[in-house]
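> target-v6.cif is reproduced in full below (mmCIF, C-alpha atoms).
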data_input
#
loop_
_atom_site.label_atom_id
_atom_site.label_comp_id
_atom_site.auth_asym_id
_atom_site.auth_seq_id
_atom_site.Cartn_x
_atom_site.Cartn_y
_atom_site.Cartn_z
CA MET A 18 43.66 -4.18 -17.72
CA PRO A 19 43.15 -3.88 -21.49
CA LEU A 20 40.31 -1.47 -22.26
CA PRO A 21 38.18 -1.55 -25.44
CA SER A 22 39.74 0.63 -28.12
CA GLU A 23 36.48 2.51 -28.80
CA PHE A 24 36.13 3.25 -25.08
CA GLU A 25 39.75 4.45 -24.94
CA ARG A 26 39.23 6.83 -27.88
CA ALA A 27 36.06 8.37 -26.40
CA THR A 28 37.45 8.70 -22.88
CA ARG A 29 40.78 10.11 -24.10
CA ALA A 30 38.85 12.79 -26.02
CA GLN A 31 36.74 13.48 -22.93
CA LEU A 32 39.63 13.75 -20.46
CA GLY A 33 42.46 15.09 -22.62
CA PRO A 34 45.71 15.36 -20.60
CA GLU A 35 44.03 13.72 -17.58
CA TYR A 36 43.66 10.40 -19.39
CA PRO A 37 46.94 8.85 -18.12
CA ALA A 38 45.94 9.63 -14.51
CA PHE A 39 42.56 8.01 -15.22
CA THR A 40 44.13 4.77 -16.45
CA ASP A 41 46.64 4.82 -13.58
CA SER A 42 43.69 4.72 -11.15
CA PHE A 43 42.86 1.24 -12.47
CA ARG A 44 46.06 -0.02 -10.85
CA VAL A 45 44.78 1.01 -7.42
CA ALA A 46 42.39 -1.20 -5.45
CA PRO A 47 38.84 0.22 -5.32
CA PRO A 48 37.99 1.90 -2.00
CA VAL A 49 35.68 0.02 0.36
CA SER A 50 32.78 2.05 1.73
CA ILE A 51 29.65 1.57 3.80
CA ARG A 52 26.77 3.78 4.88
CA LEU A 53 25.66 3.63 8.50
CA HIS A 54 22.03 3.32 9.57
CA PRO A 55 20.93 6.60 11.25
CA ILE A 56 19.42 4.71 14.21
CA LYS A 57 20.98 1.24 14.24
CA GLY A 58 24.47 2.26 13.12
CA LYS A 59 25.58 3.40 16.55
CA HIS A 60 28.73 1.27 16.75
CA SER A 61 31.89 2.96 15.48
CA ILE A 62 33.22 1.13 12.43
CA SER A 63 35.42 3.83 10.92
CA ASP A 64 36.14 7.55 11.33
CA ASP A 65 37.04 8.03 7.64
CA VAL A 66 33.98 9.93 6.41
CA VAL A 67 32.77 10.00 2.80
CA PRO A 68 32.83 13.79 2.30
CA TRP A 69 29.46 14.11 0.53
CA SER A 70 27.53 11.75 2.86
CA THR A 71 27.05 12.28 6.59
CA LEU A 72 26.84 8.57 7.38
CA GLY A 73 29.17 7.30 4.64
CA ARG A 74 32.40 5.70 5.84
CA TYR A 75 35.50 4.35 4.11
CA LEU A 76 37.03 1.16 5.49
CA PRO A 77 40.78 0.45 5.39
CA SER A 78 40.16 -2.98 3.84
CA ARG A 79 37.27 -5.21 2.85
CA PRO A 80 36.17 -7.44 5.75
CA SER A 81 33.90 -10.46 5.50
CA PHE A 82 30.58 -8.65 5.79
CA THR A 83 28.75 -11.98 5.76
CA LEU A 84 30.37 -12.88 9.09
CA ASP A 85 29.46 -9.60 10.79
CA PRO A 86 26.20 -9.89 12.75
CA LEU A 87 25.70 -6.10 12.60
CA PHE A 88 25.54 -6.32 8.79
CA HIS A 89 22.59 -8.73 9.07
CA ALA A 90 20.98 -6.46 11.66
CA GLY A 91 20.90 -3.62 9.13
CA SER A 92 23.37 -1.47 11.06
CA TYR A 93 25.01 -0.47 7.79
CA TYR A 94 24.74 -0.95 4.04
CA VAL A 95 27.73 -1.75 1.83
CA GLN A 96 27.58 0.92 -0.87
CA GLU A 97 29.94 2.48 -3.38
CA ALA A 98 30.94 5.94 -2.17
CA SER A 99 30.29 7.95 -5.36
CA SER A 100 26.64 6.91 -5.48
CA MET A 101 26.15 8.40 -2.00
CA PHE A 102 26.20 11.81 -3.72
CA LEU A 103 22.45 11.29 -4.02
CA GLU A 104 22.34 12.70 -0.47
CA GLN A 105 23.58 16.09 -1.64
CA ALA A 106 21.10 16.16 -4.52
CA LEU A 107 18.15 15.52 -2.21
CA GLN A 108 19.27 17.74 0.67
CA GLN A 109 20.04 20.72 -1.54
CA THR A 110 16.92 20.64 -3.73
CA LEU A 111 14.18 19.51 -1.32
CA ASN A 112 12.79 20.30 2.11
CA LEU A 113 13.19 16.84 3.62
CA ASN A 114 11.17 17.87 6.68
CA GLU A 115 8.02 17.93 4.55
CA PRO A 116 6.13 14.71 3.77
CA MET A 117 6.66 13.58 0.19
CA LYS A 118 6.12 10.63 -2.10
CA VAL A 119 9.31 9.25 -3.65
CA LEU A 120 9.75 6.62 -6.37
CA ASP A 121 13.07 4.78 -6.74
CA LEU A 122 12.33 3.26 -10.13
CA CYS A 123 15.30 0.94 -10.80
CA ALA A 124 16.05 0.16 -7.20
CA ALA A 125 17.69 -3.28 -6.78
CA PRO A 126 19.68 -4.20 -4.80
CA GLY A 127 18.62 -1.31 -2.56
CA GLY A 128 21.51 1.09 -1.96
CA LYS A 129 19.70 4.23 -3.02
CA SER A 130 16.38 3.12 -1.49
CA THR A 131 17.89 2.58 1.95
CA HIS A 132 19.71 5.91 1.58
CA ILE A 133 16.46 7.70 0.71
CA LEU A 134 14.73 6.12 3.71
CA SER A 135 17.48 7.49 5.94
CA LEU A 136 16.83 11.03 4.65
CA ILE A 137 13.03 11.40 4.31
CA ASN A 138 10.73 11.68 7.34
CA ARG A 139 8.32 9.09 8.69
CA GLU A 140 5.28 10.71 7.06
CA SER A 141 6.86 10.34 3.63
CA LEU A 142 6.46 7.35 1.33
CA LEU A 143 9.10 5.51 -0.66
CA VAL A 144 8.02 3.20 -3.49
CA SER A 145 11.05 1.07 -4.29
CA ASN A 146 10.61 -0.69 -7.64
CA GLU A 147 12.49 -3.39 -9.53
CA THR A 148 11.22 -4.82 -12.81
CA ILE A 149 12.95 -8.23 -12.55
CA ARG A 150 11.14 -10.35 -9.96
CA ALA A 151 14.22 -12.21 -8.66
CA ARG A 152 16.02 -8.92 -8.08
CA ALA A 153 12.87 -7.49 -6.49
CA SER A 154 13.09 -10.19 -3.80
CA ILE A 155 16.67 -9.15 -2.99
CA LEU A 156 15.53 -5.54 -2.91
CA ALA A 157 12.71 -6.37 -0.50
CA GLU A 158 15.11 -8.19 1.83
CA ASN A 159 17.50 -5.23 1.98
CA VAL A 160 14.69 -2.73 2.51
CA GLN A 161 13.25 -4.91 5.29
CA LYS A 162 16.65 -5.13 7.00
CA TRP A 163 16.83 -1.33 6.93
CA GLY A 164 13.67 -1.38 9.03
CA TYR A 165 11.63 1.68 8.05
CA PRO A 166 7.84 1.14 7.78
CA ASN A 167 7.17 3.81 5.12
CA ALA A 168 8.52 1.73 2.22
CA VAL A 169 6.60 -0.26 -0.37
CA VAL A 170 8.57 -2.60 -2.67
CA THR A 171 7.03 -3.23 -6.09
CA SER A 172 7.91 -5.15 -9.25
CA ASN A 173 6.54 -3.24 -12.23
CA ASP A 174 7.63 -2.09 -15.66
CA PRO A 175 8.23 1.68 -15.75
CA ALA A 176 5.22 2.05 -18.08
CA HIS A 177 2.90 0.81 -15.30
CA PHE A 178 3.48 4.02 -13.35
CA LYS A 179 1.50 5.94 -15.95
CA SER A 180 -1.54 4.78 -13.95
CA LEU A 181 -0.38 7.16 -11.17
CA PRO A 182 -0.18 10.53 -12.98
CA GLY A 183 1.30 13.33 -10.91
CA PHE A 184 1.52 11.05 -7.87
CA PHE A 185 5.20 11.40 -6.96
CA ASP A 186 7.09 14.43 -5.70
CA VAL A 187 10.45 12.83 -6.47
CA VAL A 188 11.47 10.17 -8.99
CA VAL A 189 14.94 8.62 -8.85
CA VAL A 190 16.07 6.82 -12.01
CA ASP A 191 19.34 4.96 -11.47
CA ALA A 192 19.25 3.84 -15.06
CA PRO A 193 20.61 0.52 -16.37
CA CYS A 194 23.75 1.53 -18.25
CA SER A 195 26.89 0.28 -19.98
CA GLY A 196 28.71 0.19 -16.64
CA GLU A 197 31.90 1.98 -17.66
CA GLY A 198 32.24 3.37 -14.14
CA LEU A 199 32.52 -0.18 -12.79
CA PHE A 200 35.46 -1.26 -14.95
CA ARG A 201 37.92 -1.06 -12.03
CA LYS A 202 35.62 -2.68 -9.49
CA GLU A 203 34.09 -5.32 -11.78
CA PRO A 204 36.56 -6.24 -14.56
CA GLU A 205 33.98 -8.53 -16.20
CA ALA A 206 32.11 -5.35 -17.17
CA VAL A 207 34.95 -4.58 -19.61
CA GLY A 208 34.24 -7.76 -21.58
CA GLU A 209 30.52 -6.97 -21.73
CA TRP A 210 31.07 -3.45 -23.13
CA SER A 211 30.60 -2.57 -26.79
CA PRO A 212 29.51 0.50 -28.77
CA GLU A 213 26.31 -1.40 -29.57
CA SER A 214 25.56 -1.92 -25.87
CA VAL A 215 26.05 1.81 -25.26
CA GLN A 216 23.54 2.60 -28.02
CA LEU A 217 21.11 0.05 -26.61
CA CYS A 218 21.44 1.45 -23.09
CA ALA A 219 20.92 5.05 -24.25
CA SER A 220 17.77 4.06 -26.10
CA ARG A 221 16.45 2.09 -23.10
CA GLN A 222 17.17 5.02 -20.78
CA LYS A 223 15.06 7.36 -22.92
CA ARG A 224 12.18 4.87 -22.88
CA ILE A 225 12.37 4.57 -19.10
CA LEU A 226 12.37 8.35 -18.65
CA ALA A 227 9.44 8.76 -21.06
CA ASP A 228 7.46 6.02 -19.34
CA VAL A 229 7.84 7.45 -15.83
CA TRP A 230 7.60 11.16 -16.64
CA ASP A 231 3.81 11.41 -16.25
CA SER A 232 3.95 10.00 -12.71
CA LEU A 233 6.03 12.98 -11.53
CA ARG A 234 4.01 15.99 -10.44
CA GLU A 235 4.50 19.47 -11.84
CA GLY A 236 7.38 21.04 -9.91
CA GLY A 237 8.59 17.60 -8.85
CA LEU A 238 12.21 16.52 -8.90
CA LEU A 239 13.80 13.92 -11.20
CA ILE A 240 17.16 12.49 -10.17
CA TYR A 241 18.80 10.76 -13.12
CA CYS A 242 22.04 8.87 -12.55
CA THR A 243 24.23 6.26 -14.19
CA CYS A 244 27.48 4.46 -13.42
CA THR A 245 28.98 5.30 -16.80
CA TYR A 246 31.16 8.07 -18.24
CA ASN A 247 29.59 7.83 -21.66
CA THR A 248 28.21 11.12 -22.97
CA LEU A 249 25.62 9.29 -25.09
CA GLU A 250 24.03 7.93 -21.90
CA ASN A 251 24.50 11.13 -19.91
CA GLU A 252 24.76 14.51 -21.72
CA SER A 253 22.92 13.34 -24.85
CA ASN A 254 20.02 12.04 -22.78
CA LEU A 255 19.85 15.36 -20.92
CA GLN A 256 19.61 17.19 -24.26
CA TRP A 257 16.83 14.78 -25.25
CA LEU A 258 14.95 15.78 -22.07
CA ILE A 259 15.38 19.47 -22.90
CA GLU A 260 14.08 18.90 -26.42
CA ASN A 261 11.02 16.90 -25.37
CA TYR A 262 9.96 18.29 -21.98
CA SER A 263 9.88 21.48 -19.98
CA VAL A 264 12.68 21.12 -17.43
CA GLU A 265 14.92 23.16 -15.16
CA PHE A 266 18.29 21.78 -14.09
CA GLN A 267 19.25 22.21 -10.45
CA LYS A 268 22.75 23.23 -9.40
CA ILE A 269 24.29 21.32 -6.50
CA ALA A 270 26.98 23.03 -4.44
CA ILE A 271 30.16 20.96 -4.36
CA ASP A 272 33.33 21.41 -2.34
CA PRO A 273 36.35 21.65 -4.69
CA SER A 274 38.22 19.23 -2.40
CA TRP A 275 35.73 16.48 -3.30
CA GLY A 276 37.08 16.23 -6.85
CA VAL A 277 33.59 16.07 -8.41
CA THR A 278 33.39 17.45 -11.97
CA GLU A 279 30.44 19.72 -12.79
CA ILE A 280 29.37 19.77 -16.43
CA ASP A 281 27.20 22.46 -18.01
CA GLU A 282 26.50 21.71 -21.65
CA ARG A 283 23.93 23.87 -23.40
CA GLY A 284 21.97 24.35 -20.18
CA ALA A 285 22.21 20.73 -19.04
CA ILE A 286 23.93 20.51 -15.66
CA GLY A 287 25.33 17.27 -14.27
CA TYR A 288 27.99 15.92 -11.92
CA ARG A 289 30.58 13.34 -12.94
CA PHE A 290 32.85 11.23 -10.75
CA PHE A 291 36.17 9.95 -12.11
CA PRO A 292 38.21 7.44 -10.05
CA HIS A 293 41.43 9.46 -10.49
CA LYS A 294 39.77 12.54 -8.96
CA VAL A 295 37.51 11.13 -6.22
CA LYS A 296 37.77 8.33 -3.71
CA GLY A 297 35.13 6.25 -5.46
CA GLU A 298 34.09 4.72 -8.78
CA GLY A 299 32.69 6.24 -11.95
CA PHE A 300 29.27 7.89 -11.52
CA PHE A 301 27.05 10.56 -13.07
CA LEU A 302 24.08 12.41 -11.53
CA THR A 303 21.76 15.25 -12.49
CA ALA A 304 18.81 16.85 -10.66
CA ILE A 305 15.96 18.20 -12.80
CA ARG A 306 12.81 20.10 -11.87
CA LYS A 307 9.74 19.20 -13.95
CA LEU A 308 7.92 22.25 -15.28
CA ASP A 309 5.38 20.38 -17.44
CA PRO A 310 1.80 20.40 -16.11
CA ALA A 311 0.70 17.09 -14.61
CA THR A 312 -2.76 15.79 -13.74
CA SER A 313 -2.81 14.45 -10.19
CA VAL A 314 -4.11 10.96 -9.55
CA ARG A 315 -7.47 10.68 -7.80
CA THR A 316 -6.83 9.05 -4.44
CA ARG A 317 -9.24 6.24 -3.66
CA SER A 318 -11.12 6.54 -0.40
CA ASN A 319 -12.44 2.99 -0.24
CA LYS A 320 -10.27 0.51 1.66
CA ILE A 321 -9.00 -2.41 -0.36
CA LEU A 322 -6.78 -4.24 2.10
CA PRO A 323 -8.49 -6.09 4.97
CA GLU A 324 -7.71 -4.98 8.50
CA PRO A 325 -7.21 -7.16 11.59
CA SER A 326 -9.71 -7.05 14.43
CA LYS A 327 -9.58 -4.25 16.99
CA LYS A 328 -8.62 -6.79 19.65
CA VAL A 329 -5.60 -7.93 17.64
CA VAL A 330 -4.56 -4.33 16.99
CA GLN A 331 -4.80 -3.56 20.71
CA ASN A 332 -2.56 -6.54 21.49
CA LEU A 333 0.02 -5.35 18.95
CA GLN A 334 0.13 -1.70 19.88
CA SER A 335 2.54 -2.23 22.77
CA TRP A 336 5.03 -3.60 20.24
CA LEU A 337 5.46 -0.20 18.52
CA HIS A 338 6.82 3.24 19.30
CA TYR A 339 3.97 4.94 17.39
CA PRO A 340 0.96 2.64 17.81
CA ASP A 341 -1.70 5.31 17.24
CA ASP A 342 -0.10 6.65 14.08
CA SER A 343 -0.02 3.36 12.19
CA ARG A 344 -2.33 1.70 9.69
CA TYR A 345 -2.65 -2.09 10.15
CA PHE A 346 -3.65 -4.51 7.41
CA GLN A 347 -3.74 -8.29 7.10
CA PHE A 348 -2.93 -10.60 4.20
CA ASN A 349 -2.67 -14.41 4.42
CA ASN A 350 -2.66 -14.31 8.23
CA VAL A 351 0.28 -11.86 8.28
CA ILE A 352 -0.40 -8.49 9.89
CA SER A 353 1.64 -5.53 8.67
CA PHE A 354 1.66 -1.84 9.38
CA VAL A 355 2.58 1.40 7.63
CA PRO A 356 2.45 4.98 8.91
CA ALA A 357 -1.11 6.27 8.72
CA SER A 358 0.01 8.84 6.12
CA VAL A 359 0.90 6.13 3.58
CA ASN A 360 -1.97 5.49 1.17
CA ILE A 361 -1.34 1.79 0.76
CA ASP A 362 -4.78 1.18 -0.81
CA THR A 363 -4.11 3.37 -3.83
CA LEU A 364 -0.78 1.64 -4.42
CA SER A 365 -2.20 -1.86 -4.04
CA GLY A 366 -4.79 -1.08 -6.69
CA ALA A 367 -2.23 0.19 -9.20
CA LEU A 368 0.98 -1.80 -8.68
CA ARG A 369 2.30 -5.32 -8.14
CA ILE A 370 3.43 -5.18 -4.52
CA VAL A 371 6.22 -7.42 -3.24
CA SER A 372 6.23 -6.07 0.33
CA ALA A 373 4.55 -3.16 2.05
CA GLY A 374 5.44 -1.54 5.33
CA THR A 375 6.63 -3.85 8.10
CA ALA A 376 5.22 -7.30 8.80
CA ILE A 377 4.66 -7.27 12.54
CA ALA A 378 3.12 -10.66 13.36
CA SER A 379 1.37 -13.69 11.94
CA VAL A 380 -1.79 -15.18 13.41
CA LYS A 381 -1.49 -18.88 14.20
CA HIS A 382 -4.23 -20.62 16.22
CA ASP A 383 -5.31 -17.33 17.84
CA LYS A 384 -1.70 -16.66 18.81
CA LEU A 385 0.40 -13.72 17.60
CA VAL A 386 3.82 -14.89 16.38
CA PRO A 387 6.32 -12.04 15.80
CA GLU A 388 7.62 -11.66 12.25
CA HIS A 389 11.35 -11.39 11.62
CA THR A 390 11.00 -7.97 10.00
CA MET A 391 9.49 -6.63 13.23
CA ALA A 392 12.74 -7.41 15.05
CA LEU A 393 14.66 -5.27 12.53
CA SER A 394 12.13 -2.43 12.54
CA THR A 395 13.03 1.08 13.63
CA GLU A 396 9.58 1.18 15.25
CA ILE A 397 10.03 -1.76 17.62
CA ASN A 398 9.47 -1.09 21.31
CA VAL A 399 12.39 -3.18 22.54
CA GLY A 400 11.39 -2.73 26.18
CA ASN A 401 8.21 -4.70 25.56
CA PHE A 402 10.11 -7.96 24.97
CA PRO A 403 12.52 -10.14 26.94
CA THR A 404 15.90 -9.91 25.23
CA LEU A 405 18.74 -12.32 24.71
CA ASP A 406 22.02 -10.54 23.93
CA LEU A 407 24.54 -12.81 22.18
CA ASP A 408 28.27 -12.47 21.72
CA GLU A 409 29.70 -12.74 18.20
CA THR A 410 30.16 -16.53 18.28
CA GLN A 411 26.63 -17.12 19.53
CA ALA A 412 25.22 -14.54 17.11
CA LEU A 413 26.79 -16.30 14.13
CA LYS A 414 25.34 -19.61 15.31
CA TYR A 415 21.96 -17.92 15.50
CA LEU A 416 22.38 -16.44 11.99
CA ARG A 417 23.24 -19.90 10.66
CA ARG A 418 19.96 -21.04 12.21
CA GLU A 419 21.78 -23.41 14.55
CA SER A 420 20.71 -24.25 18.08
CA ILE A 421 21.72 -21.83 20.79
CA GLU A 422 21.70 -22.24 24.54
CA THR A 423 21.18 -19.71 27.28
CA GLU A 424 19.87 -19.33 30.78
CA ASN A 425 17.53 -17.04 32.67
CA VAL A 426 15.17 -16.20 29.82
CA ARG A 427 11.51 -16.67 30.51
CA ALA A 428 9.38 -18.90 28.32
CA GLY A 429 7.86 -17.37 25.21
CA PHE A 430 9.12 -15.25 22.36
CA ALA A 431 12.34 -13.38 23.03
CA LEU A 432 14.20 -10.76 21.00
CA VAL A 433 17.74 -11.80 20.04
CA THR A 434 20.28 -8.96 20.02
CA HIS A 435 24.00 -8.48 19.41
CA LYS A 436 25.64 -5.41 20.97
CA ASP A 437 22.10 -4.34 21.90
CA THR A 438 21.06 -4.38 18.21
CA PRO A 439 18.12 -6.67 17.34
CA LEU A 440 18.83 -9.65 15.07
CA GLY A 441 15.59 -11.66 15.23
CA TRP A 442 13.47 -13.91 17.46
CA VAL A 443 13.63 -17.16 19.37
CA ASN A 444 10.86 -19.11 21.04
CA VAL A 445 11.94 -20.22 24.51
CA LEU A 446 10.33 -23.52 25.49
CA SER A 447 10.68 -25.57 28.68
CA ASN A 448 13.34 -27.88 27.23
CA ARG A 449 14.84 -26.00 24.28
CA ILE A 450 15.08 -22.76 22.35
CA ASN A 451 13.61 -22.66 18.86
CA ASN A 452 15.63 -20.54 16.45
CA MET A 453 13.20 -18.42 14.40
CA TYR A 454 15.71 -16.85 12.01
CA PRO A 455 14.33 -17.07 8.42
CA SER A 456 15.79 -20.08 6.66
CA GLN A 457 16.09 -18.20 3.35
CA TRP A 458 18.28 -15.54 5.03
CA ARG A 459 20.57 -17.83 7.01
CA ILE A 460 24.35 -17.65 6.67
CA ARG A 461 25.84 -20.54 4.72
CA MET A 462 29.47 -19.39 4.95
CA SER A 463 31.72 -21.16 7.45
CA GLY A 464 34.36 -19.36 9.48
#
Write out the structure in this file as structure tokens.


Amino acid sequence: MPLPSEFERATRAQLGPEYPAFTDSFRVAPPVSIRLHPIKGKHSISDDVVPWSTLGRYLPSRPSFTLDPLFHAGSYYVQEASSMFLEQALQQTLNLNEPMKVLDLCAAPGGKSTHILSLINRESLLVSNETIRARASILAENVQKWGYPNAVVTSNDPAHFKSLPGFFDVVVVDAPCSGEGLFRKEPEAVGEWSPESVQLCASRQKRILADVWDSLREGGLLIYCTCTYNTLENESNLQWLIENYSVEFQKIAIDPSWGVTEIDERGAIGYRFFPHKVKGEGFFLTAIRKLDPATSVRTRSNKILPEPSKKVVQNLQSWLHYPDDSRYFQFNNVISFVPASVNIDTLSGALRIVSAGTAIASVKHDKLVPEHTMALSTEINVGNFPTLDLDETQALKYLRRESIETENVRAGFALVTHKDTPLGWVNVLSNRINNMYPSQWRIRMSG
């Protein structure tokens, strides 16, 4: 594919004699990769492991993910392999067994958020943010499919997080960038590139980092990453951080066989992925410890969100694995829960929340109707519900929200599964089965 001349000049200077191998990589189809769910991803899809991610897998070809029921069950996430290097950054710089508060600032569509949820423990909190409301809805859907209750999805400008000074232990900034690393995978990105867009992106990235810096506690960790090779958006921004803040760059041990390039420029350490050296797309990541003092936010003790009655909570507790370690709250007749360690009240007072925790049930005429997200939750007590296991053909009918037929299922709400993995709910009546799959999530593809 023809590359912009300005991009060619800069990349040729950056790579030197490696440049021909770099351009040759554009003639090779991009690798297909997924990341398995730690709990729900129990079905073997591939044995070709992404070397820097325990649950990352390469696939021999790209299947129709839309027509795989396990995809809709949240058994895996389709993610570019290079970006899974986030796992190494977190594992090597943090004690993931300790509870922590993590902010994924530019999170849509949800690859890094679902990855973070797979790595942190249940007592930790992830705030997954997306500024653009339409993209925030997609983010919320993907986080809900992943099924962990300790996630809050928000839609805020980075500047809004100044109201939570020193609140987060970790901030991940997957910054909007010029997208040079996606040229092979998304050729339209080539036509959108220009030196002016690079300048604009670099300026925006600095603003985002400045806006969110106060919300990171002293000693906290900033992960900054882009999907571009451009030094203006990577190394130059790291020098800007050094000049304006007190920071300490963290080294990440890499296996030479991975092909990852470590850069160390005037004390700024980062890790770059080139498609001719790794099995993945272009990517850049750095891990930075904040040394600047930070004033911690005062946690509110008064409860803001209304709670359901004790009777309702008692009825719902058999639905969960950890009923006594959950905080229940109710909004517009929908009851949700988060781990008790998650301070949802402080967040609701400071941020625009799209979804919080897991919606467990809605109250309709004194009856508890299970919410779809509860079926996909890692906390669901499957043994509490009658189940209806469907083969692939039946499961696809269910996911299209079509009528399904079955026998020997007692009346009431039943959990629909495929290969023993929950997909959603049905309501079994005397003369029919009502499909409860969310209409906005249904499959529209034939095949």

> Residues near Leu407 (chain A), anyone? I mean within 7 Å using all atoms listed in the file, not counting same-chain ones fewer than 3 positions away, as a ChimeraX atom specification.

/A:411-412,434-435

> Could you dump the residues just selected with C-alpha atoms as a PDB file, keeping the file's coordinate frame?


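Done, and the output landed in result_35.pdb:
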ATOM      1  CA  GLN A 411      26.630 -17.120  19.530  1.00  0.00           C
ATOM      2  CA  ALA A 412      25.220 -14.540  17.110  1.00  0.00           C
ATOM      3  CA  THR A 434      20.280  -8.960  20.020  1.00  0.00           C
ATOM      4  CA  HIS A 435      24.000  -8.480  19.410  1.00  0.00           C
TER       5      HIS A 435
END

> Taking into account all atoms listed in the file, which residue in the set A:Ala431, A:Ala153, A:Val329, A:Ile361 is nearest to Asp383 (chain A)?

A:Val329

> Tell me which residues the PyMOL selection byres ((chain A and resi 212-217) around 8) grabs here, as a PyMOL selection string.

chain A and resi 23+194-195+210-211+218-221+247+249-250

> Excluding same-chain residues fewer than 5 positions from region 258-263 of chain A, what lies within 10 Å of it counting all atoms listed in the file, as a short mmCIF file (atom, residue, chain, number, x, y, z; two decimals) with C-alpha atoms, in the coordinates of the input?


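Dumped everything to out-v7.cif:
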data_model
loop_
_atom_site.label_atom_id
_atom_site.label_comp_id
_atom_site.auth_asym_id
_atom_site.auth_seq_id
_atom_site.Cartn_x
_atom_site.Cartn_y
_atom_site.Cartn_z
CA LYS A 223 15.06 7.36 -22.92
CA LEU A 226 12.37 8.35 -18.65
CA ALA A 227 9.44 8.76 -21.06
CA TRP A 230 7.60 11.16 -16.64
CA GLU A 235 4.50 19.47 -11.84
CA GLU A 252 24.76 14.51 -21.72
CA SER A 253 22.92 13.34 -24.85
CA ARG A 283 23.93 23.87 -23.40
CA GLY A 284 21.97 24.35 -20.18
CA ALA A 285 22.21 20.73 -19.04
CA ILE A 305 15.96 18.20 -12.80
CA ARG A 306 12.81 20.10 -11.87
CA LYS A 307 9.74 19.20 -13.95
CA LEU A 308 7.92 22.25 -15.28
CA ASP A 309 5.38 20.38 -17.44
CA PRO A 310 1.80 20.40 -16.11
#

> Pull out every residue that the PyMOL selection byres ((chain A and resi 446-460) around 10) matches in the shown coordinates and put them as a ChimeraX atom specification.

/A:83-84,89,158,387-390,413-423,426-431,433,440-445,461-463

> Report, in Å to a single decimal, how far apart CA of Ile225 (chain A) and CA of Ala192 (chain A) are.

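CA of Ala192 (chain A) sits 8.0 Å away from CA of Ile225 (chain A).
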